[in-house]
Amino acid sequence: MNGHFASVGDESTKADYEHGVQVIDEDKEFNPKINAYLQATNVADAGFNYHLISVFGSQSTGKSTLLNNLFGTDFNVMSETERRQTTKGIWMSKNKKGSMADNILVMDVEGTDGRERGEDQDFERKSALFALATSEVLIVNIWEHQVGLYQGANMGLLKTVFEVNMMLFLKDKQSNPRSLLFFVIRDHIGHTPLSNLRNTLIQDLAKIWSSISKPPGLENSRIEDYFDFAFSALPHKILQPEQFVAEVGKLGQRFVTASRSGKPQGEHGDHEFDGGILLPEYHRRIPADGFSIYTEGVWDQIVNNKDLDLPTQQELLAQFRCDEIARECLVAFDEVISPLEEKQAESARVGKPFVLPKLGATGSAAREKCLKNFETSASRYHKGVYKRKHTELETKLDQRLKALYHGQLSAAHKSGVATFSEAVSGAVKAGQKSGGSYEFAEIVDTEKQKTLEFFKKEAQSLAIANVPWTNFKAQFLLFGKELDEVSARLRKDEMRRLATRVERWVRSRLGDAVGLEFNKLGSGRGGSGAPETGEKPATEKDLWDRIWNVFITIVGEAEGRFADRAKSFEASQDEVDVGLWRLRRKSWVALREKIEEEVMEGNILLKLRENFEDKFRYDEAGVPRIWRPADDIEGIYTKARESTLTLIPLLSRFRLAATYAAPDLPDFVGHQPRGVEAGDEDDLTPIGGVDEEDGKSLEEEMTVLSEGKRQDLVVRFKKTADGVYVEAKRSAIGGVAQ
Ligand code: GDP
Ligand code: MG
């Protein structure tokens, strides 16, 4: 089998169409394979560039023979010896002769036998209606000797044609096109010139026209309102075979397209004798690719005796074909778009936003191609239906693209935000590595512009001219807003980093400065006070004043650094206020920790011992004492011990000398600023007297040594002092012994 023209479920080959295709069989069934035939003969894609011609006439009047000679078709012809009807139903074949209009389709209609009426008349009427509904030219095949026989079978046929045409016209007053009745007079002997035969026929036609009943409003209509006429005569095929062939050749030349202006009509609507006959106005305007469906629908109406309403048929056809064409266009669109949709869904599923490369160009090209293809084929159909279906298709395409584009922008949004955060963090890190000199605000600004540009470019690449939904300005603005929010978060992180650095600095400075103050305790002779008078040395009495002052100075300096730096990266006043508030609190906590470290048992005991020893072992001039037995070791011991013991209550509480009260810590820390947000306080240690709800008083906050610890310290210190004393005593005796 030749598989070239074969397709699934249709095994027809070109050879099967040798005799054309039977459109309607003898059981009045429509052949579903008409479209396959049109495809096999390359007519299906011709749009409107095809022509349909039907032949009418009594049985066995040489119709099939005429068509075969005229168009090179191969319709069955009655053999000269059998003389029985051969053409059953309606056959169709494509013109095989050159130098005629493109894509001429010829329908060979089963004729009626003039001698037998009845059942046949039904088919005659139906086939006439079918031919009129579809054909541009109706060839009426007639013997010369039948001309003027008004009562002849052909006249009955013409009457039927006129009546059914009136029916069609009633349903379709706007667009029912004219048709050409082309009379081909056979066995023309030549005695009567064609013009005479034509006049006779025209008179007969007028008579028939006047005899048919016309619907109201059309009583005065003339036959020329609906039909054009053309005439031709052929010699006897058997008796004058050569002339017959020559005349058929001439007749064939008339099957070319023409325009009415170039071919003035005759008095009775007949054509110039040898002009082209295929006027555009005869065309039924059914696109070739809808021909089979349309004719099937038309035949279905006819065969079921329904009112044939061609406009309705054309609308139904348009709906069917537009849907079909749209589906075909969507297949190509799908091929491009589906893989992209899948890729996007996949990356969304795994949570990795992926910006599809060149999506805008791909999407709009696929959209345009699909719509263009649809427009090319579908615009040939019923305008209203076409427009509606065009909108439907556009909506369908746009729904798909819309989802895809929104996904794309969401991916661009997510990856843009991620890129932005990473770029800023990366630049900050690089800045830190290269010595910490970087401008945070500048980094944010540069990266923001870059990221906005990236998003803008993507959004603009998705825009399609005159398609409003492809304007993504709102998404762009939203993206800008999100970047601002991310910037704010990054700035907050940067603030935290700055705060950590500053806090570390405070801690280190406090460590040195406070350590120094406590170390001074180790010397019992600092300041101007004399131990003898019982007056505490200034260095001891105002220990807390000095610590507080040093603390305030360090924190003040730190605040200045913090605020300057924070302002440099465009932190708001609120943010700065919160940072400073946190800094003061954290600094206080750091101070407390440092003090606690200093008063840890071992440390403070050592300091007290040093203090005591200094007072005990050195005289007022700072000269070490060499104990002699006569010395008042006990008196000096007691004095020094008591002097050092006074330090313990002093150390127990953070109190300023002048007021003998705690420093105004709440005032120093200040009220919680209004910029504090959730999370800002989470890492803060509660401070007594500042955070009232904590239940801890300022007094408690300022307690350095608890009562218990204090007593314990006294006992331990005394023991240590006692040890020193005993040692001194021994050394005094030992010194004498030496
Ligand atoms: P159809 O039934 O109208 O299609 O007629 P056919 O084409 O089958 O021809 C019927 C018979 O008429 C055949 O035997 C042909 O040979 C014969 N025939 C065909 N053309 C002519 C013609 O021009 N003149 C005459 N007298 N006979 C013809
Ligand atoms: Mg025939």
# chains A, B, ... in the order shown; residues from 1 in each chain; ligands from 1
>>> select_by_dssp(residues="segment 227-406 of chain A", states="alpha helix (DSSP H)", output="ChimeraX atom specification")
/A:241-252,291-303,310-349,359-378,383-406
>>> residues_around(residues="segment 680-686 of chain A", least_positions_apart="2", cutoff="8 Å", atoms="only C-alpha atoms", output="list in words")
Arg582, Arg585, Lys586, Val589, Val676, Glu677, Ala678, Gly688, Val690, Asp691 and Asp694 of chain A
>>> write_last_selection(atoms="C-alpha atoms", output="mmCIF file, in the first residue's frame")
data_model
loop_
_atom_site.group_PDB
_atom_site.id
_atom_site.type_symbol
_atom_site.label_atom_id
_atom_site.label_comp_id
_atom_site.auth_asym_id
_atom_site.auth_seq_id
_atom_site.Cartn_x
_atom_site.Cartn_y
_atom_site.Cartn_z
ATOM 1 C CA ARG A 582 20.643 49.371 74.525
ATOM 2 C CA ARG A 585 22.002 49.223 79.517
ATOM 3 C CA LYS A 586 24.567 46.780 78.236
ATOM 4 C CA VAL A 589 25.595 45.297 82.902
ATOM 5 C CA VAL A 676 11.875 49.715 70.408
ATOM 6 C CA GLU A 677 10.505 46.778 68.409
ATOM 7 C CA ALA A 678 9.751 43.205 69.234
ATOM 8 C CA GLY A 688 16.868 46.793 89.193
ATOM 9 C CA VAL A 690 15.167 50.681 85.872
ATOM 10 C CA ASP A 691 12.906 47.831 84.899
ATOM 11 C CA ASP A 694 11.331 43.109 87.448
#
>>> residues_near_ligand(ligand="ligand 1", cutoff="9 Å", atoms="only C-alpha atoms and all ligand atoms", output="PyMOL selection string")
chain A and resi 56-68+75-87+108-112+141+143+186-188+234-241+244
>>> atom_distance(atom1="atom CA of Glu575 of chain A", atom2="atom CA of Glu453 of chain A")
28.7 Å
>>> residues_around(residues="Trp91 of chain A", least_positions_apart="2", cutoff="9 Å", atoms="only C-alpha atoms", output="list in words")
His19, Gly20, Val21, Gln22, Val23, Ile24, Asp25, Phe75, Thr87, Lys88, Gly89, Ser93, Val106, Met107, Asp108, Val109 and Glu110 of chain A
>>> write_last_selection(atoms="N, CA and C atoms", output="compact mmCIF listing (two decimals), in the first residue's frame")
# COMPACT_ATOMS: atom_id res chain seq x y z
N HIS A 19 -11.84 8.36 -9.49
CA HIS A 19 -13.14 8.81 -10.00
C HIS A 19 -13.70 9.96 -9.17
N GLY A 20 -12.82 10.61 -8.42
CA GLY A 20 -13.31 11.65 -7.53
C GLY A 20 -13.81 11.02 -6.25
N VAL A 21 -14.72 11.72 -5.58
CA VAL A 21 -15.22 11.20 -4.31
C VAL A 21 -16.74 11.34 -4.32
N GLN A 22 -17.39 10.32 -3.76
CA GLN A 22 -18.85 10.39 -3.72
C GLN A 22 -19.27 11.20 -2.49
N VAL A 23 -19.88 12.34 -2.75
CA VAL A 23 -20.27 13.22 -1.63
C VAL A 23 -21.52 12.67 -0.95
N ILE A 24 -22.50 12.34 -1.78
CA ILE A 24 -23.75 11.78 -1.26
C ILE A 24 -23.97 10.46 -2.00
N ASP A 25 -24.20 9.38 -1.25
CA ASP A 25 -24.39 8.11 -1.95
C ASP A 25 -25.87 7.88 -2.27
N PHE A 75 -15.42 10.78 -14.12
CA PHE A 75 -16.71 10.31 -13.61
C PHE A 75 -17.18 9.15 -14.48
N THR A 87 -24.61 7.60 -12.83
CA THR A 87 -24.26 8.48 -11.73
C THR A 87 -25.32 8.38 -10.64
N LYS A 88 -24.85 7.87 -9.46
CA LYS A 88 -25.77 7.74 -8.32
C LYS A 88 -25.35 8.78 -7.29
N GLY A 89 -26.34 9.48 -6.77
CA GLY A 89 -26.04 10.48 -5.75
C GLY A 89 -25.26 11.64 -6.35
N SER A 93 -15.15 15.93 -8.00
CA SER A 93 -13.76 15.68 -8.40
C SER A 93 -13.09 17.02 -8.68
N VAL A 106 -15.69 20.02 -9.14
CA VAL A 106 -16.87 19.81 -9.98
C VAL A 106 -17.75 18.78 -9.32
N MET A 107 -19.05 19.10 -9.22
CA MET A 107 -19.99 18.11 -8.67
C MET A 107 -20.87 17.59 -9.79
N ASP A 108 -20.88 16.26 -9.90
CA ASP A 108 -21.71 15.58 -10.91
C ASP A 108 -22.95 15.08 -10.18
N VAL A 109 -24.09 15.69 -10.48
CA VAL A 109 -25.32 15.40 -9.74
C VAL A 109 -26.17 14.40 -10.53
N GLU A 110 -26.60 13.40 -9.82
CA GLU A 110 -27.47 12.39 -10.44
C GLU A 110 -28.68 13.06 -11.07
>>> residues_around(residues="Gly276 of chain A", least_positions_apart="3", cutoff="7 Å", atoms="only C-alpha atoms", output="count of residues only")
5
>>> closest_residue(among="A:Tyr618, A:Met92, A:Leu647, A:Glu18", to="ligand 2", atoms="only C-alpha atoms and all ligand atoms")
A:Met92
>>> closest_residue(among="A:Asn304, A:Ala459, A:Ile90, A:Gly515", to="ligand 2", atoms="only C-alpha atoms and all ligand atoms")
A:Ile90
>>> residues_around(residues="Arg674 of chain A", least_positions_apart="4", cutoff="9 Å", atoms="only C-alpha atoms", output="JSON, numbers by chain")
{"A": [574, 577, 578]}
>>> residues_around(residues="segment 324-329 of chain A", least_positions_apart="6", cutoff="7 Å", atoms="only C-alpha atoms", output="VMD selection string")
chain A and resid 370 373 to 374 378 393
>>> atom_distance(atom1="atom CA of Lys456 of chain A", atom2="atom CA of Asp493 of chain A")
27.3 Å
>>> decode(residues="segment 687-714 of chain A", atoms="N, CA and C atoms", output="PDB file, in the first residue's frame")
ATOM      1  N   ILE A 687      17.411  45.303  84.784  1.00  0.00           N
ATOM      2  CA  ILE A 687      18.194  46.151  85.688  1.00  0.00           C
ATOM      3  C   ILE A 687      17.275  46.638  86.800  1.00  0.00           C
ATOM      4  N   GLY A 688      17.674  46.363  88.043  1.00  0.00           N
ATOM      5  CA  GLY A 688      16.868  46.793  89.193  1.00  0.00           C
ATOM      6  C   GLY A 688      16.742  48.300  89.234  1.00  0.00           C
ATOM      7  N   GLY A 689      15.529  48.771  89.555  1.00  0.00           N
ATOM      8  CA  GLY A 689      15.306  50.207  89.641  1.00  0.00           C
ATOM      9  C   GLY A 689      15.042  50.844  88.292  1.00  0.00           C
ATOM     10  N   VAL A 690      15.416  50.162  87.223  1.00  0.00           N
ATOM     11  CA  VAL A 690      15.167  50.681  85.872  1.00  0.00           C
ATOM     12  C   VAL A 690      13.977  49.945  85.276  1.00  0.00           C
ATOM     13  N   ASP A 691      14.029  48.643  85.373  1.00  0.00           N
ATOM     14  CA  ASP A 691      12.906  47.831  84.899  1.00  0.00           C
ATOM     15  C   ASP A 691      12.041  47.497  86.110  1.00  0.00           C
ATOM     16  N   GLU A 692      11.048  48.364  86.362  1.00  0.00           N
ATOM     17  CA  GLU A 692      10.280  48.234  87.596  1.00  0.00           C
ATOM     18  C   GLU A 692       9.593  46.877  87.706  1.00  0.00           C
ATOM     19  N   GLU A 693       9.050  46.419  86.616  1.00  0.00           N
ATOM     20  CA  GLU A 693       8.268  45.180  86.662  1.00  0.00           C
ATOM     21  C   GLU A 693       9.127  43.988  87.094  1.00  0.00           C
ATOM     22  N   ASP A 694      10.437  44.196  87.073  1.00  0.00           N
ATOM     23  CA  ASP A 694      11.331  43.109  87.448  1.00  0.00           C
ATOM     24  C   ASP A 694      11.293  42.845  88.964  1.00  0.00           C
ATOM     25  N   GLY A 695      10.802  43.814  89.724  1.00  0.00           N
ATOM     26  CA  GLY A 695      10.658  43.612  91.162  1.00  0.00           C
ATOM     27  C   GLY A 695      11.948  43.825  91.954  1.00  0.00           C
ATOM     28  N   LYS A 696      13.000  44.234  91.263  1.00  0.00           N
ATOM     29  CA  LYS A 696      14.280  44.436  91.934  1.00  0.00           C
ATOM     30  C   LYS A 696      14.480  45.944  92.078  1.00  0.00           C
ATOM     31  N   SER A 697      14.844  46.355  93.285  1.00  0.00           N
ATOM     32  CA  SER A 697      14.967  47.799  93.516  1.00  0.00           C
ATOM     33  C   SER A 697      16.348  48.284  93.087  1.00  0.00           C
ATOM     34  N   LEU A 698      16.461  49.567  93.021  1.00  0.00           N
ATOM     35  CA  LEU A 698      17.743  50.173  92.680  1.00  0.00           C
ATOM     36  C   LEU A 698      18.787  49.834  93.761  1.00  0.00           C
ATOM     37  N   GLU A 699      18.293  49.826  95.010  1.00  0.00           N
ATOM     38  CA  GLU A 699      19.170  49.475  96.132  1.00  0.00           C
ATOM     39  C   GLU A 699      19.786  48.104  95.897  1.00  0.00           C
ATOM     40  N   GLU A 700      18.940  47.187  95.508  1.00  0.00           N
ATOM     41  CA  GLU A 700      19.419  45.827  95.277  1.00  0.00           C
ATOM     42  C   GLU A 700      20.404  45.791  94.107  1.00  0.00           C
ATOM     43  N   GLU A 701      20.061  46.585  93.068  1.00  0.00           N
ATOM     44  CA  GLU A 701      20.937  46.643  91.895  1.00  0.00           C
ATOM     45  C   GLU A 701      22.325  47.143  92.307  1.00  0.00           C
ATOM     46  N   MET A 702      22.341  48.037  93.324  1.00  0.00           N
ATOM     47  CA  MET A 702      23.591  48.676  93.722  1.00  0.00           C
ATOM     48  C   MET A 702      24.333  47.888  94.810  1.00  0.00           C
ATOM     49  N   THR A 703      23.720  46.784  95.198  1.00  0.00           N
ATOM     50  CA  THR A 703      24.378  45.961  96.216  1.00  0.00           C
ATOM     51  C   THR A 703      25.490  45.158  95.568  1.00  0.00           C
ATOM     52  N   VAL A 704      26.708  45.373  96.059  1.00  0.00           N
ATOM     53  CA  VAL A 704      27.844  44.685  95.479  1.00  0.00           C
ATOM     54  C   VAL A 704      28.154  43.421  96.281  1.00  0.00           C
ATOM     55  N   LEU A 705      28.024  43.547  97.586  1.00  0.00           N
ATOM     56  CA  LEU A 705      28.247  42.380  98.444  1.00  0.00           C
ATOM     57  C   LEU A 705      27.025  42.182  99.315  1.00  0.00           C
ATOM     58  N   SER A 706      26.514  40.995  99.352  1.00  0.00           N
ATOM     59  CA  SER A 706      25.344  40.729 100.193  1.00  0.00           C
ATOM     60  C   SER A 706      25.810  40.710 101.667  1.00  0.00           C
ATOM     61  N   GLU A 707      24.846  40.815 102.540  1.00  0.00           N
ATOM     62  CA  GLU A 707      25.148  40.840 103.969  1.00  0.00           C
ATOM     63  C   GLU A 707      25.975  39.615 104.351  1.00  0.00           C
ATOM     64  N   GLY A 708      25.575  38.488 103.899  1.00  0.00           N
ATOM     65  CA  GLY A 708      26.265  37.232 104.203  1.00  0.00           C
ATOM     66  C   GLY A 708      27.701  37.259 103.738  1.00  0.00           C
ATOM     67  N   LYS A 709      27.866  37.663 102.520  1.00  0.00           N
ATOM     68  CA  LYS A 709      29.200  37.686 101.922  1.00  0.00           C
ATOM     69  C   LYS A 709      30.098  38.668 102.673  1.00  0.00           C
ATOM     70  N   ARG A 710      29.445  39.742 103.047  1.00  0.00           N
ATOM     71  CA  ARG A 710      30.167  40.798 103.755  1.00  0.00           C
ATOM     72  C   ARG A 710      30.728  40.276 105.063  1.00  0.00           C
ATOM     73  N   GLN A 711      29.860  39.586 105.829  1.00  0.00           N
ATOM     74  CA  GLN A 711      30.297  39.041 107.116  1.00  0.00           C
ATOM     75  C   GLN A 711      31.375  38.007 106.903  1.00  0.00           C
ATOM     76  N   ASP A 712      31.177  37.193 105.929  1.00  0.00           N
ATOM     77  CA  ASP A 712      32.141  36.162 105.597  1.00  0.00           C
ATOM     78  C   ASP A 712      33.488  36.796 105.285  1.00  0.00           C
ATOM     79  N   LEU A 713      33.425  37.888 104.523  1.00  0.00           N
ATOM     80  CA  LEU A 713      34.644  38.575 104.111  1.00  0.00           C
ATOM     81  C   LEU A 713      35.368  39.153 105.344  1.00  0.00           C
ATOM     82  N   VAL A 714      34.570  39.689 106.266  1.00  0.00           N
ATOM     83  CA  VAL A 714      35.139  40.250 107.486  1.00  0.00           C
ATOM     84  C   VAL A 714      35.915  39.166 108.231  1.00  0.00           C
TER      85      VAL A 714
END
